[in-house]
file upload_25.txt (compact mmCIF, N, CA and C atoms)
# COMPACT_ATOMS: atom_id res chain seq x y z
N MET A 1371 0.84 -1.19 0.00
CA MET A 1371 0.00 0.00 0.00
C MET A 1371 0.89 1.25 0.00
N ILE A 1372 0.50 2.24 -0.75
CA ILE A 1372 1.30 3.46 -0.84
C ILE A 1372 0.68 4.54 0.04
N THR A 1373 1.48 5.52 0.42
CA THR A 1373 1.01 6.59 1.29
C THR A 1373 0.19 7.59 0.48
N PRO A 1374 -0.62 8.40 1.17
CA PRO A 1374 -1.36 9.45 0.47
C PRO A 1374 -0.44 10.39 -0.32
N LYS A 1375 0.71 10.72 0.25
CA LYS A 1375 1.65 11.61 -0.45
C LYS A 1375 2.16 10.95 -1.73
N GLU A 1376 2.50 9.65 -1.65
CA GLU A 1376 2.96 8.94 -2.84
C GLU A 1376 1.85 8.86 -3.89
N MET A 1377 0.62 8.67 -3.44
CA MET A 1377 -0.51 8.67 -4.37
C MET A 1377 -0.60 10.01 -5.10
N ALA A 1378 -0.50 11.09 -4.32
CA ALA A 1378 -0.59 12.43 -4.90
C ALA A 1378 0.53 12.67 -5.91
N GLU A 1379 1.74 12.24 -5.56
CA GLU A 1379 2.88 12.43 -6.47
C GLU A 1379 2.70 11.62 -7.75
N LEU A 1380 2.22 10.38 -7.64
CA LEU A 1380 1.97 9.57 -8.83
C LEU A 1380 0.89 10.21 -9.71
N ALA A 1381 -0.14 10.75 -9.07
CA ALA A 1381 -1.22 11.39 -9.82
C ALA A 1381 -0.71 12.64 -10.55
N VAL A 1382 0.13 13.43 -9.88
CA VAL A 1382 0.71 14.62 -10.53
C VAL A 1382 1.51 14.20 -11.75
N LYS A 1383 2.35 13.17 -11.60
CA LYS A 1383 3.16 12.69 -12.73
C LYS A 1383 2.28 12.19 -13.87
N ALA A 1384 1.21 11.48 -13.54
CA ALA A 1384 0.30 10.96 -14.56
C ALA A 1384 -0.37 12.10 -15.31
N LEU A 1385 -0.83 13.11 -14.58
CA LEU A 1385 -1.46 14.27 -15.22
C LEU A 1385 -0.47 15.00 -16.11
N ASP A 1386 0.74 15.19 -15.60
CA ASP A 1386 1.78 15.87 -16.38
C ASP A 1386 2.11 15.09 -17.65
N SER A 1387 2.12 13.77 -17.56
CA SER A 1387 2.47 12.95 -18.72
C SER A 1387 1.47 13.10 -19.86
N LYS A 1388 0.26 13.52 -19.52
CA LYS A 1388 -0.79 13.73 -20.54
C LYS A 1388 -1.07 15.21 -20.76
N LYS A 1389 -0.10 16.05 -20.37
CA LYS A 1389 -0.12 17.49 -20.67
C LYS A 1389 -1.19 18.31 -19.95
N ALA A 1390 -1.52 17.93 -18.72
CA ALA A 1390 -2.40 18.77 -17.91
C ALA A 1390 -1.71 20.11 -17.69
N GLN A 1391 -2.49 21.16 -17.58
CA GLN A 1391 -1.93 22.50 -17.39
C GLN A 1391 -2.17 22.99 -15.97
N ASP A 1392 -1.26 23.83 -15.49
CA ASP A 1392 -1.40 24.53 -14.22
C ASP A 1392 -1.79 23.57 -13.09
N ILE A 1393 -1.00 22.53 -12.89
CA ILE A 1393 -1.27 21.53 -11.85
C ILE A 1393 -0.91 22.11 -10.49
N LYS A 1394 -1.85 22.02 -9.56
CA LYS A 1394 -1.63 22.47 -8.18
C LYS A 1394 -1.89 21.29 -7.25
N LEU A 1395 -1.00 21.11 -6.28
CA LEU A 1395 -1.16 20.07 -5.27
C LEU A 1395 -1.30 20.77 -3.92
N LEU A 1396 -2.45 20.58 -3.28
CA LEU A 1396 -2.74 21.21 -2.00
C LEU A 1396 -2.79 20.14 -0.91
N GLN A 1397 -2.15 20.42 0.21
CA GLN A 1397 -2.23 19.51 1.36
C GLN A 1397 -3.38 19.97 2.24
N THR A 1398 -4.42 19.14 2.29
CA THR A 1398 -5.65 19.51 2.99
C THR A 1398 -5.85 18.74 4.29
N THR A 1399 -4.82 18.02 4.71
CA THR A 1399 -4.91 17.15 5.90
C THR A 1399 -5.49 17.88 7.11
N ASP A 1400 -4.99 19.09 7.39
CA ASP A 1400 -5.41 19.83 8.58
C ASP A 1400 -6.59 20.76 8.34
N ILE A 1401 -7.11 20.76 7.11
CA ILE A 1401 -8.17 21.70 6.73
C ILE A 1401 -9.54 21.01 6.67
N THR A 1402 -9.55 19.76 6.21
CA THR A 1402 -10.82 19.06 5.99
C THR A 1402 -10.64 17.56 6.20
N VAL A 1403 -11.73 16.89 6.50
CA VAL A 1403 -11.71 15.43 6.61
C VAL A 1403 -11.96 14.77 5.25
N LEU A 1404 -12.23 15.58 4.23
CA LEU A 1404 -12.54 15.03 2.90
C LEU A 1404 -11.38 14.24 2.31
N ALA A 1405 -10.16 14.78 2.45
CA ALA A 1405 -8.99 14.13 1.85
C ALA A 1405 -7.73 14.78 2.41
N ASP A 1406 -6.61 14.06 2.27
CA ASP A 1406 -5.32 14.61 2.69
C ASP A 1406 -4.74 15.55 1.65
N TYR A 1407 -5.06 15.27 0.36
CA TYR A 1407 -4.52 16.08 -0.73
C TYR A 1407 -5.61 16.35 -1.77
N PHE A 1408 -5.56 17.54 -2.33
CA PHE A 1408 -6.36 17.90 -3.50
C PHE A 1408 -5.38 18.19 -4.63
N ILE A 1409 -5.70 17.71 -5.81
CA ILE A 1409 -4.98 18.13 -7.01
C ILE A 1409 -5.99 18.87 -7.89
N ILE A 1410 -5.57 20.01 -8.38
CA ILE A 1410 -6.39 20.81 -9.28
C ILE A 1410 -5.58 21.04 -10.55
N CYS A 1411 -6.19 20.78 -11.70
CA CYS A 1411 -5.48 21.02 -12.96
C CYS A 1411 -6.46 21.40 -14.05
N THR A 1412 -5.91 21.86 -15.16
CA THR A 1412 -6.71 22.32 -16.28
C THR A 1412 -6.44 21.47 -17.51
N ALA A 1413 -7.51 21.18 -18.23
CA ALA A 1413 -7.44 20.49 -19.52
C ALA A 1413 -7.87 21.46 -20.60
N THR A 1414 -7.42 21.22 -21.82
CA THR A 1414 -7.74 22.13 -22.93
C THR A 1414 -9.01 21.74 -23.67
N SER A 1415 -9.56 20.55 -23.39
CA SER A 1415 -10.78 20.10 -24.08
C SER A 1415 -11.46 19.02 -23.25
N THR A 1416 -12.70 18.72 -23.57
CA THR A 1416 -13.39 17.63 -22.86
C THR A 1416 -12.72 16.29 -23.17
N ALA A 1417 -12.18 16.14 -24.37
CA ALA A 1417 -11.46 14.90 -24.70
C ALA A 1417 -10.23 14.76 -23.81
N GLN A 1418 -9.52 15.87 -23.57
CA GLN A 1418 -8.34 15.80 -22.70
C GLN A 1418 -8.75 15.52 -21.26
N ILE A 1419 -9.87 16.05 -20.82
CA ILE A 1419 -10.33 15.74 -19.46
C ILE A 1419 -10.46 14.23 -19.31
N LYS A 1420 -11.09 13.58 -20.27
CA LYS A 1420 -11.26 12.13 -20.21
C LYS A 1420 -9.90 11.43 -20.20
N THR A 1421 -8.98 11.87 -21.05
CA THR A 1421 -7.64 11.28 -21.10
C THR A 1421 -6.92 11.42 -19.77
N LEU A 1422 -6.97 12.60 -19.18
CA LEU A 1422 -6.31 12.85 -17.89
C LEU A 1422 -6.90 11.98 -16.79
N CYS A 1423 -8.22 11.92 -16.73
CA CYS A 1423 -8.89 11.13 -15.70
C CYS A 1423 -8.58 9.64 -15.86
N ASP A 1424 -8.63 9.17 -17.09
CA ASP A 1424 -8.33 7.76 -17.35
C ASP A 1424 -6.90 7.41 -16.94
N GLU A 1425 -5.95 8.32 -17.22
CA GLU A 1425 -4.55 8.05 -16.90
C GLU A 1425 -4.32 8.01 -15.39
N VAL A 1426 -4.89 8.96 -14.67
CA VAL A 1426 -4.73 8.96 -13.21
C VAL A 1426 -5.34 7.70 -12.62
N ASP A 1427 -6.53 7.36 -13.08
CA ASP A 1427 -7.20 6.17 -12.56
C ASP A 1427 -6.38 4.91 -12.86
N LYS A 1428 -5.83 4.82 -14.05
CA LYS A 1428 -5.02 3.66 -14.45
C LYS A 1428 -3.78 3.54 -13.57
N VAL A 1429 -3.05 4.64 -13.42
CA VAL A 1429 -1.80 4.63 -12.66
C VAL A 1429 -2.04 4.25 -11.19
N LEU A 1430 -3.06 4.83 -10.58
CA LEU A 1430 -3.31 4.54 -9.17
C LEU A 1430 -3.94 3.17 -8.98
N THR A 1431 -4.76 2.73 -9.91
CA THR A 1431 -5.32 1.38 -9.83
C THR A 1431 -4.21 0.34 -9.90
N GLU A 1432 -3.21 0.59 -10.75
CA GLU A 1432 -2.06 -0.33 -10.84
C GLU A 1432 -1.30 -0.42 -9.52
N GLN A 1433 -1.41 0.61 -8.70
CA GLN A 1433 -0.75 0.62 -7.38
C GLN A 1433 -1.69 0.10 -6.28
N GLY A 1434 -2.84 -0.42 -6.68
CA GLY A 1434 -3.79 -0.95 -5.71
C GLY A 1434 -4.69 0.08 -5.08
N GLU A 1435 -4.81 1.24 -5.72
CA GLU A 1435 -5.62 2.34 -5.19
C GLU A 1435 -6.64 2.80 -6.24
N PRO A 1436 -7.65 1.98 -6.53
CA PRO A 1436 -8.65 2.38 -7.53
C PRO A 1436 -9.52 3.53 -7.00
N SER A 1437 -10.08 4.30 -7.91
CA SER A 1437 -10.95 5.40 -7.50
C SER A 1437 -12.20 4.85 -6.82
N ARG A 1438 -12.69 5.61 -5.87
CA ARG A 1438 -13.91 5.24 -5.15
C ARG A 1438 -15.14 5.80 -5.85
N ARG A 1439 -14.96 6.95 -6.49
CA ARG A 1439 -16.10 7.64 -7.10
C ARG A 1439 -15.58 8.62 -8.14
N VAL A 1440 -16.34 8.77 -9.21
CA VAL A 1440 -16.04 9.77 -10.23
C VAL A 1440 -17.32 10.58 -10.44
N GLU A 1441 -17.19 11.90 -10.37
CA GLU A 1441 -18.34 12.79 -10.55
C GLU A 1441 -18.09 13.73 -11.72
N GLY A 1442 -19.12 14.01 -12.50
CA GLY A 1442 -19.04 15.03 -13.54
C GLY A 1442 -18.60 14.55 -14.90
N TYR A 1443 -18.42 13.24 -15.08
CA TYR A 1443 -17.92 12.73 -16.36
C TYR A 1443 -18.80 13.12 -17.54
N ARG A 1444 -20.10 13.04 -17.39
CA ARG A 1444 -21.00 13.34 -18.51
C ARG A 1444 -21.10 14.83 -18.81
N ASN A 1445 -20.93 15.65 -17.79
CA ASN A 1445 -21.05 17.10 -18.00
C ASN A 1445 -19.86 17.67 -18.74
N GLY A 1446 -18.70 17.10 -18.53
CA GLY A 1446 -17.55 17.44 -19.34
C GLY A 1446 -16.65 18.56 -18.90
N GLY A 1447 -17.12 19.55 -18.15
CA GLY A 1447 -16.27 20.69 -17.83
C GLY A 1447 -15.48 20.58 -16.54
N TRP A 1448 -15.90 19.68 -15.67
CA TRP A 1448 -15.22 19.48 -14.39
C TRP A 1448 -15.45 18.04 -13.97
N VAL A 1449 -14.38 17.32 -13.78
CA VAL A 1449 -14.48 15.95 -13.29
C VAL A 1449 -13.72 15.87 -11.97
N LEU A 1450 -14.36 15.25 -10.99
CA LEU A 1450 -13.76 15.01 -9.69
C LEU A 1450 -13.57 13.50 -9.55
N ILE A 1451 -12.35 13.10 -9.21
CA ILE A 1451 -12.07 11.69 -8.96
C ILE A 1451 -11.67 11.55 -7.49
N ASP A 1452 -12.42 10.74 -6.77
CA ASP A 1452 -12.20 10.55 -5.34
C ASP A 1452 -11.46 9.24 -5.09
N PHE A 1453 -10.25 9.35 -4.55
CA PHE A 1453 -9.46 8.18 -4.19
C PHE A 1453 -9.41 7.99 -2.67
N GLY A 1454 -10.29 8.65 -1.96
CA GLY A 1454 -10.30 8.57 -0.50
C GLY A 1454 -9.42 9.64 0.10
N CYS A 1455 -8.13 9.39 0.19
CA CYS A 1455 -7.21 10.37 0.78
C CYS A 1455 -6.75 11.41 -0.23
N LEU A 1456 -7.13 11.22 -1.49
CA LEU A 1456 -6.75 12.14 -2.57
C LEU A 1456 -7.97 12.42 -3.44
N ILE A 1457 -8.19 13.70 -3.72
CA ILE A 1457 -9.25 14.08 -4.65
C ILE A 1457 -8.60 14.85 -5.79
N VAL A 1458 -8.88 14.41 -7.00
CA VAL A 1458 -8.33 15.04 -8.20
C VAL A 1458 -9.46 15.79 -8.90
N HIS A 1459 -9.21 17.07 -9.18
CA HIS A 1459 -10.16 17.92 -9.90
C HIS A 1459 -9.55 18.26 -11.25
N VAL A 1460 -10.26 17.94 -12.34
CA VAL A 1460 -9.79 18.27 -13.68
C VAL A 1460 -10.84 19.20 -14.30
N PHE A 1461 -10.41 20.39 -14.68
CA PHE A 1461 -11.30 21.43 -15.17
C PHE A 1461 -10.96 21.88 -16.59
N LEU A 1462 -11.97 22.40 -17.28
CA LEU A 1462 -11.72 23.29 -18.41
C LEU A 1462 -11.42 24.66 -17.79
N GLN A 1463 -10.63 25.48 -18.48
CA GLN A 1463 -10.12 26.74 -17.91
C GLN A 1463 -11.23 27.64 -17.36
N GLU A 1464 -12.27 27.90 -18.15
CA GLU A 1464 -13.30 28.84 -17.72
C GLU A 1464 -14.07 28.32 -16.50
N ILE A 1465 -14.23 27.02 -16.40
CA ILE A 1465 -14.93 26.45 -15.25
C ILE A 1465 -14.03 26.48 -14.01
N ARG A 1466 -12.74 26.25 -14.21
CA ARG A 1466 -11.79 26.35 -13.09
C ARG A 1466 -11.79 27.78 -12.54
N GLU A 1467 -11.78 28.75 -13.43
CA GLU A 1467 -11.79 30.15 -13.00
C GLU A 1467 -13.08 30.48 -12.25
N PHE A 1468 -14.20 29.95 -12.72
CA PHE A 1468 -15.49 30.22 -12.09
C PHE A 1468 -15.55 29.69 -10.66
N TYR A 1469 -15.14 28.43 -10.47
CA TYR A 1469 -15.22 27.81 -9.14
C TYR A 1469 -14.06 28.20 -8.23
N ASN A 1470 -12.90 28.51 -8.80
CA ASN A 1470 -11.76 29.04 -8.06
C ASN A 1470 -11.47 28.26 -6.76
N LEU A 1471 -11.27 26.96 -6.91
CA LEU A 1471 -11.02 26.12 -5.74
C LEU A 1471 -9.75 26.51 -4.99
N GLU A 1472 -8.76 27.03 -5.70
CA GLU A 1472 -7.54 27.46 -5.03
C GLU A 1472 -7.85 28.53 -3.98
N HIS A 1473 -8.80 29.41 -4.30
CA HIS A 1473 -9.20 30.44 -3.33
C HIS A 1473 -10.03 29.82 -2.21
N LEU A 1474 -10.97 28.95 -2.59
CA LEU A 1474 -11.84 28.31 -1.61
C LEU A 1474 -11.03 27.53 -0.58
N TRP A 1475 -9.98 26.85 -1.05
CA TRP A 1475 -9.11 26.07 -0.17
C TRP A 1475 -7.80 26.83 0.07
N GLY A 1476 -7.88 28.15 0.16
CA GLY A 1476 -6.70 29.00 0.29
C GLY A 1476 -5.87 28.76 1.54
N ASP A 1477 -6.47 28.17 2.57
CA ASP A 1477 -5.72 27.89 3.80
C ASP A 1477 -4.84 26.65 3.67
N ALA A 1478 -5.06 25.87 2.62
CA ALA A 1478 -4.28 24.64 2.43
C ALA A 1478 -2.92 24.97 1.83
N PRO A 1479 -1.84 24.47 2.43
CA PRO A 1479 -0.52 24.73 1.86
C PRO A 1479 -0.37 24.08 0.47
N GLU A 1480 0.24 24.82 -0.44
CA GLU A 1480 0.52 24.26 -1.76
C GLU A 1480 1.87 23.55 -1.72
N ILE A 1481 1.91 22.34 -2.23
CA ILE A 1481 3.13 21.52 -2.25
C ILE A 1481 3.89 21.82 -3.53
N ASP A 1482 5.18 22.00 -3.41
CA ASP A 1482 6.04 22.24 -4.59
C ASP A 1482 6.13 20.95 -5.40
N ILE A 1483 5.69 21.01 -6.65
CA ILE A 1483 5.70 19.83 -7.52
C ILE A 1483 6.72 19.96 -8.64
N SER A 1484 7.59 20.96 -8.57
CA SER A 1484 8.52 21.22 -9.67
C SER A 1484 9.41 20.02 -9.97
N SER A 1485 9.71 19.20 -8.97
CA SER A 1485 10.56 18.03 -9.21
C SER A 1485 9.78 16.88 -9.85
N LEU A 1486 8.46 16.99 -9.89
CA LEU A 1486 7.61 15.91 -10.41
C LEU A 1486 7.17 16.12 -11.85
N ILE A 1487 7.27 17.36 -12.32
CA ILE A 1487 6.74 17.67 -13.66
C ILE A 1487 7.84 18.10 -14.61
N THR A 1488 7.55 17.94 -15.90
CA THR A 1488 8.48 18.39 -16.93
C THR A 1488 8.05 19.78 -17.38
N GLU A 1489 8.98 20.64 -17.55
CA GLU A 1489 8.66 22.02 -17.96
C GLU A 1489 8.63 22.14 -19.47

call {"tool": "encode", "arguments": {"input": "upload_25.txt", "output": "structure tokens"}}
result
Amino acid sequence: MITPKEMAELAVKALDSKKAQDIKLLQTTDITVLADYFIICTATSTAQIKTLCDEVDKVLTEQGEPSRRVEGYRNGGWVLIDFGCLIVHVFLQEIREFYNLEHLWGDAPEIDISSLITE
């Protein structure tokens, strides 16, 4: 079994490998009981949202951590994947700006992911 932090790092790498934009990793352990980490990222199209979600689910399922729930798949502009200790949010840009989760969860420390992603 892998730790929540390792799950989050694998998810960040998976999203980056499929060209997710503006990936943010927030540590929410002390802020909410919902999850230890939130990942927020942007996709350029609904097709890319599906690709990003499928990749994260595949990578974490291979590590024995399948998603518990997926919300928003049919609507297309925002998909939430719940892995228990990790919640991944994949947005289209305008929907991400509208909901502004980074502001909503502004008390959560942002984790530096520069070592996990390719520039």

call {"tool": "select_by_dssp", "arguments": {"input": "upload_25.txt", "residues": "chain A", "states": "helix (DSSP H, G or I)", "output": "MDAnalysis selection string"}}
result
chainID A and resid 1374:1387 1416:1432 1463:1469 1471:1474

call {"tool": "residues_around", "arguments": {"input": "upload_25.txt", "residues": "Trp1448 in chain A", "least_positions_apart": "3", "cutoff": "8 Å", "atoms": "all atoms listed in the file", "output": "mmCIF file with N, CA and C atoms, in the coordinates of the input"}}
result
data_model
loop_
_atom_site.group_PDB
_atom_site.id
_atom_site.type_symbol
_atom_site.label_atom_id
_atom_site.label_comp_id
_atom_site.auth_asym_id
_atom_site.auth_seq_id
_atom_site.Cartn_x
_atom_site.Cartn_y
_atom_site.Cartn_z
ATOM 1 N N THR A 1416 -12.700 18.720 -23.570
ATOM 2 C CA THR A 1416 -13.390 17.630 -22.860
ATOM 3 C C THR A 1416 -12.720 16.290 -23.170
ATOM 4 N N ILE A 1419 -9.870 16.050 -20.820
ATOM 5 C CA ILE A 1419 -10.330 15.740 -19.460
ATOM 6 C C ILE A 1419 -10.460 14.230 -19.310
ATOM 7 N N GLU A 1441 -17.190 11.900 -10.370
ATOM 8 C CA GLU A 1441 -18.340 12.790 -10.550
ATOM 9 C C GLU A 1441 -18.090 13.730 -11.720
ATOM 10 N N GLY A 1442 -19.120 14.010 -12.500
ATOM 11 C CA GLY A 1442 -19.040 15.030 -13.540
ATOM 12 C C GLY A 1442 -18.600 14.550 -14.900
ATOM 13 N N TYR A 1443 -18.420 13.240 -15.080
ATOM 14 C CA TYR A 1443 -17.920 12.730 -16.360
ATOM 15 C C TYR A 1443 -18.800 13.120 -17.540
ATOM 16 N N ARG A 1444 -20.100 13.040 -17.390
ATOM 17 C CA ARG A 1444 -21.000 13.340 -18.510
ATOM 18 C C ARG A 1444 -21.100 14.830 -18.810
ATOM 19 N N ASN A 1445 -20.930 15.650 -17.790
ATOM 20 C CA ASN A 1445 -21.050 17.100 -18.000
ATOM 21 C C ASN A 1445 -19.860 17.670 -18.740
ATOM 22 N N ILE A 1451 -12.350 13.100 -9.210
ATOM 23 C CA ILE A 1451 -12.070 11.690 -8.960
ATOM 24 C C ILE A 1451 -11.670 11.550 -7.490
ATOM 25 N N HIS A 1459 -9.210 17.070 -9.180
ATOM 26 C CA HIS A 1459 -10.160 17.920 -9.900
ATOM 27 C C HIS A 1459 -9.550 18.260 -11.250
ATOM 28 N N VAL A 1460 -10.260 17.940 -12.340
ATOM 29 C CA VAL A 1460 -9.790 18.270 -13.680
ATOM 30 C C VAL A 1460 -10.840 19.200 -14.300
ATOM 31 N N PHE A 1461 -10.410 20.390 -14.680
ATOM 32 C CA PHE A 1461 -11.300 21.430 -15.170
ATOM 33 C C PHE A 1461 -10.960 21.880 -16.590
ATOM 34 N N LEU A 1462 -11.970 22.400 -17.280
ATOM 35 C CA LEU A 1462 -11.720 23.290 -18.410
ATOM 36 C C LEU A 1462 -11.420 24.660 -17.790
ATOM 37 N N ILE A 1465 -14.230 27.020 -16.400
ATOM 38 C CA ILE A 1465 -14.930 26.450 -15.250
ATOM 39 C C ILE A 1465 -14.030 26.480 -14.010
ATOM 40 N N ARG A 1466 -12.740 26.250 -14.210
ATOM 41 C CA ARG A 1466 -11.790 26.350 -13.090
ATOM 42 C C ARG A 1466 -11.790 27.780 -12.540
#

call {"tool": "closest_residue", "arguments": {"input": "upload_25.txt", "among": "A:Leu1385, A:Leu1396, A:Val1458, A:Met1371", "to": "Ile1481 in chain A", "atoms": "only N, CA and C atoms"}}
result
A:Leu1396

call {"tool": "select_by_dssp", "arguments": {"input": "upload_25.txt", "residues": "range 1381-1489 of chain A", "states": "strand (DSSP E or B)", "output": "compact mmCIF listing (two decimals) with N, CA and C atoms, keeping the file's coordinate frame"}}
result
# COMPACT_ATOMS: atom_id res chain seq x y z
N GLN A 1391 -2.49 21.16 -17.58
CA GLN A 1391 -1.93 22.50 -17.39
C GLN A 1391 -2.17 22.99 -15.97
N ASP A 1392 -1.26 23.83 -15.49
CA ASP A 1392 -1.40 24.53 -14.22
C ASP A 1392 -1.79 23.57 -13.09
N ILE A 1393 -1.00 22.53 -12.89
CA ILE A 1393 -1.27 21.53 -11.85
C ILE A 1393 -0.91 22.11 -10.49
N LYS A 1394 -1.85 22.02 -9.56
CA LYS A 1394 -1.63 22.47 -8.18
C LYS A 1394 -1.89 21.29 -7.25
N LEU A 1395 -1.00 21.11 -6.28
CA LEU A 1395 -1.16 20.07 -5.27
C LEU A 1395 -1.30 20.77 -3.92
N LEU A 1396 -2.45 20.58 -3.28
CA LEU A 1396 -2.74 21.21 -2.00
C LEU A 1396 -2.79 20.14 -0.91
N GLN A 1397 -2.15 20.42 0.21
CA GLN A 1397 -2.23 19.51 1.36
C GLN A 1397 -3.38 19.97 2.24
N TYR A 1407 -5.06 15.27 0.36
CA TYR A 1407 -4.52 16.08 -0.73
C TYR A 1407 -5.61 16.35 -1.77
N PHE A 1408 -5.56 17.54 -2.33
CA PHE A 1408 -6.36 17.90 -3.50
C PHE A 1408 -5.38 18.19 -4.63
N ILE A 1409 -5.70 17.71 -5.81
CA ILE A 1409 -4.98 18.13 -7.01
C ILE A 1409 -5.99 18.87 -7.89
N ILE A 1410 -5.57 20.01 -8.38
CA ILE A 1410 -6.39 20.81 -9.28
C ILE A 1410 -5.58 21.04 -10.55
N CYS A 1411 -6.19 20.78 -11.70
CA CYS A 1411 -5.48 21.02 -12.96
C CYS A 1411 -6.46 21.40 -14.05
N THR A 1412 -5.91 21.86 -15.16
CA THR A 1412 -6.71 22.32 -16.28
C THR A 1412 -6.44 21.47 -17.51
N ALA A 1413 -7.51 21.18 -18.23
CA ALA A 1413 -7.44 20.49 -19.52
C ALA A 1413 -7.87 21.46 -20.60
N ARG A 1439 -14.96 6.95 -6.49
CA ARG A 1439 -16.10 7.64 -7.10
C ARG A 1439 -15.58 8.62 -8.14
N VAL A 1440 -16.34 8.77 -9.21
CA VAL A 1440 -16.04 9.77 -10.23
C VAL A 1440 -17.32 10.58 -10.44
N GLU A 1441 -17.19 11.90 -10.37
CA GLU A 1441 -18.34 12.79 -10.55
C GLU A 1441 -18.09 13.73 -11.72
N TRP A 1448 -15.90 19.68 -15.67
CA TRP A 1448 -15.22 19.48 -14.39
C TRP A 1448 -15.45 18.04 -13.97
N VAL A 1449 -14.38 17.32 -13.78
CA VAL A 1449 -14.48 15.95 -13.29
C VAL A 1449 -13.72 15.87 -11.97
N LEU A 1450 -14.36 15.25 -10.99
CA LEU A 1450 -13.76 15.01 -9.69
C LEU A 1450 -13.57 13.50 -9.55
N ILE A 1451 -12.35 13.10 -9.21
CA ILE A 1451 -12.07 11.69 -8.96
C ILE A 1451 -11.67 11.55 -7.49
N ASP A 1452 -12.42 10.74 -6.77
CA ASP A 1452 -12.20 10.55 -5.34
C ASP A 1452 -11.46 9.24 -5.09
N LEU A 1456 -7.13 11.22 -1.49
CA LEU A 1456 -6.75 12.14 -2.57
C LEU A 1456 -7.97 12.42 -3.44
N ILE A 1457 -8.19 13.70 -3.72
CA ILE A 1457 -9.25 14.08 -4.65
C ILE A 1457 -8.60 14.85 -5.79
N VAL A 1458 -8.88 14.41 -7.00
CA VAL A 1458 -8.33 15.04 -8.20
C VAL A 1458 -9.46 15.79 -8.90
N HIS A 1459 -9.21 17.07 -9.18
CA HIS A 1459 -10.16 17.92 -9.90
C HIS A 1459 -9.55 18.26 -11.25
N VAL A 1460 -10.26 17.94 -12.34
CA VAL A 1460 -9.79 18.27 -13.68
C VAL A 1460 -10.84 19.20 -14.30
N PHE A 1461 -10.41 20.39 -14.68
CA PHE A 1461 -11.30 21.43 -15.17
C PHE A 1461 -10.96 21.88 -16.59
N LEU A 1462 -11.97 22.40 -17.28
CA LEU A 1462 -11.72 23.29 -18.41
C LEU A 1462 -11.42 24.66 -17.79
N GLU A 1480 0.24 24.82 -0.44
CA GLU A 1480 0.52 24.26 -1.76
C GLU A 1480 1.87 23.55 -1.72
N ILE A 1481 1.91 22.34 -2.23
CA ILE A 1481 3.13 21.52 -2.25
C ILE A 1481 3.89 21.82 -3.53

call {"tool": "residues_around", "arguments": {"input": "upload_25.txt", "residues": "range 1421-1432 of chain A", "least_positions_apart": "6", "cutoff": "7 Å", "atoms": "only N, CA and C atoms", "output": "VMD selection string"}}
result
chain A and resid 1377 1380 to 1381 1384 to 1385 1388
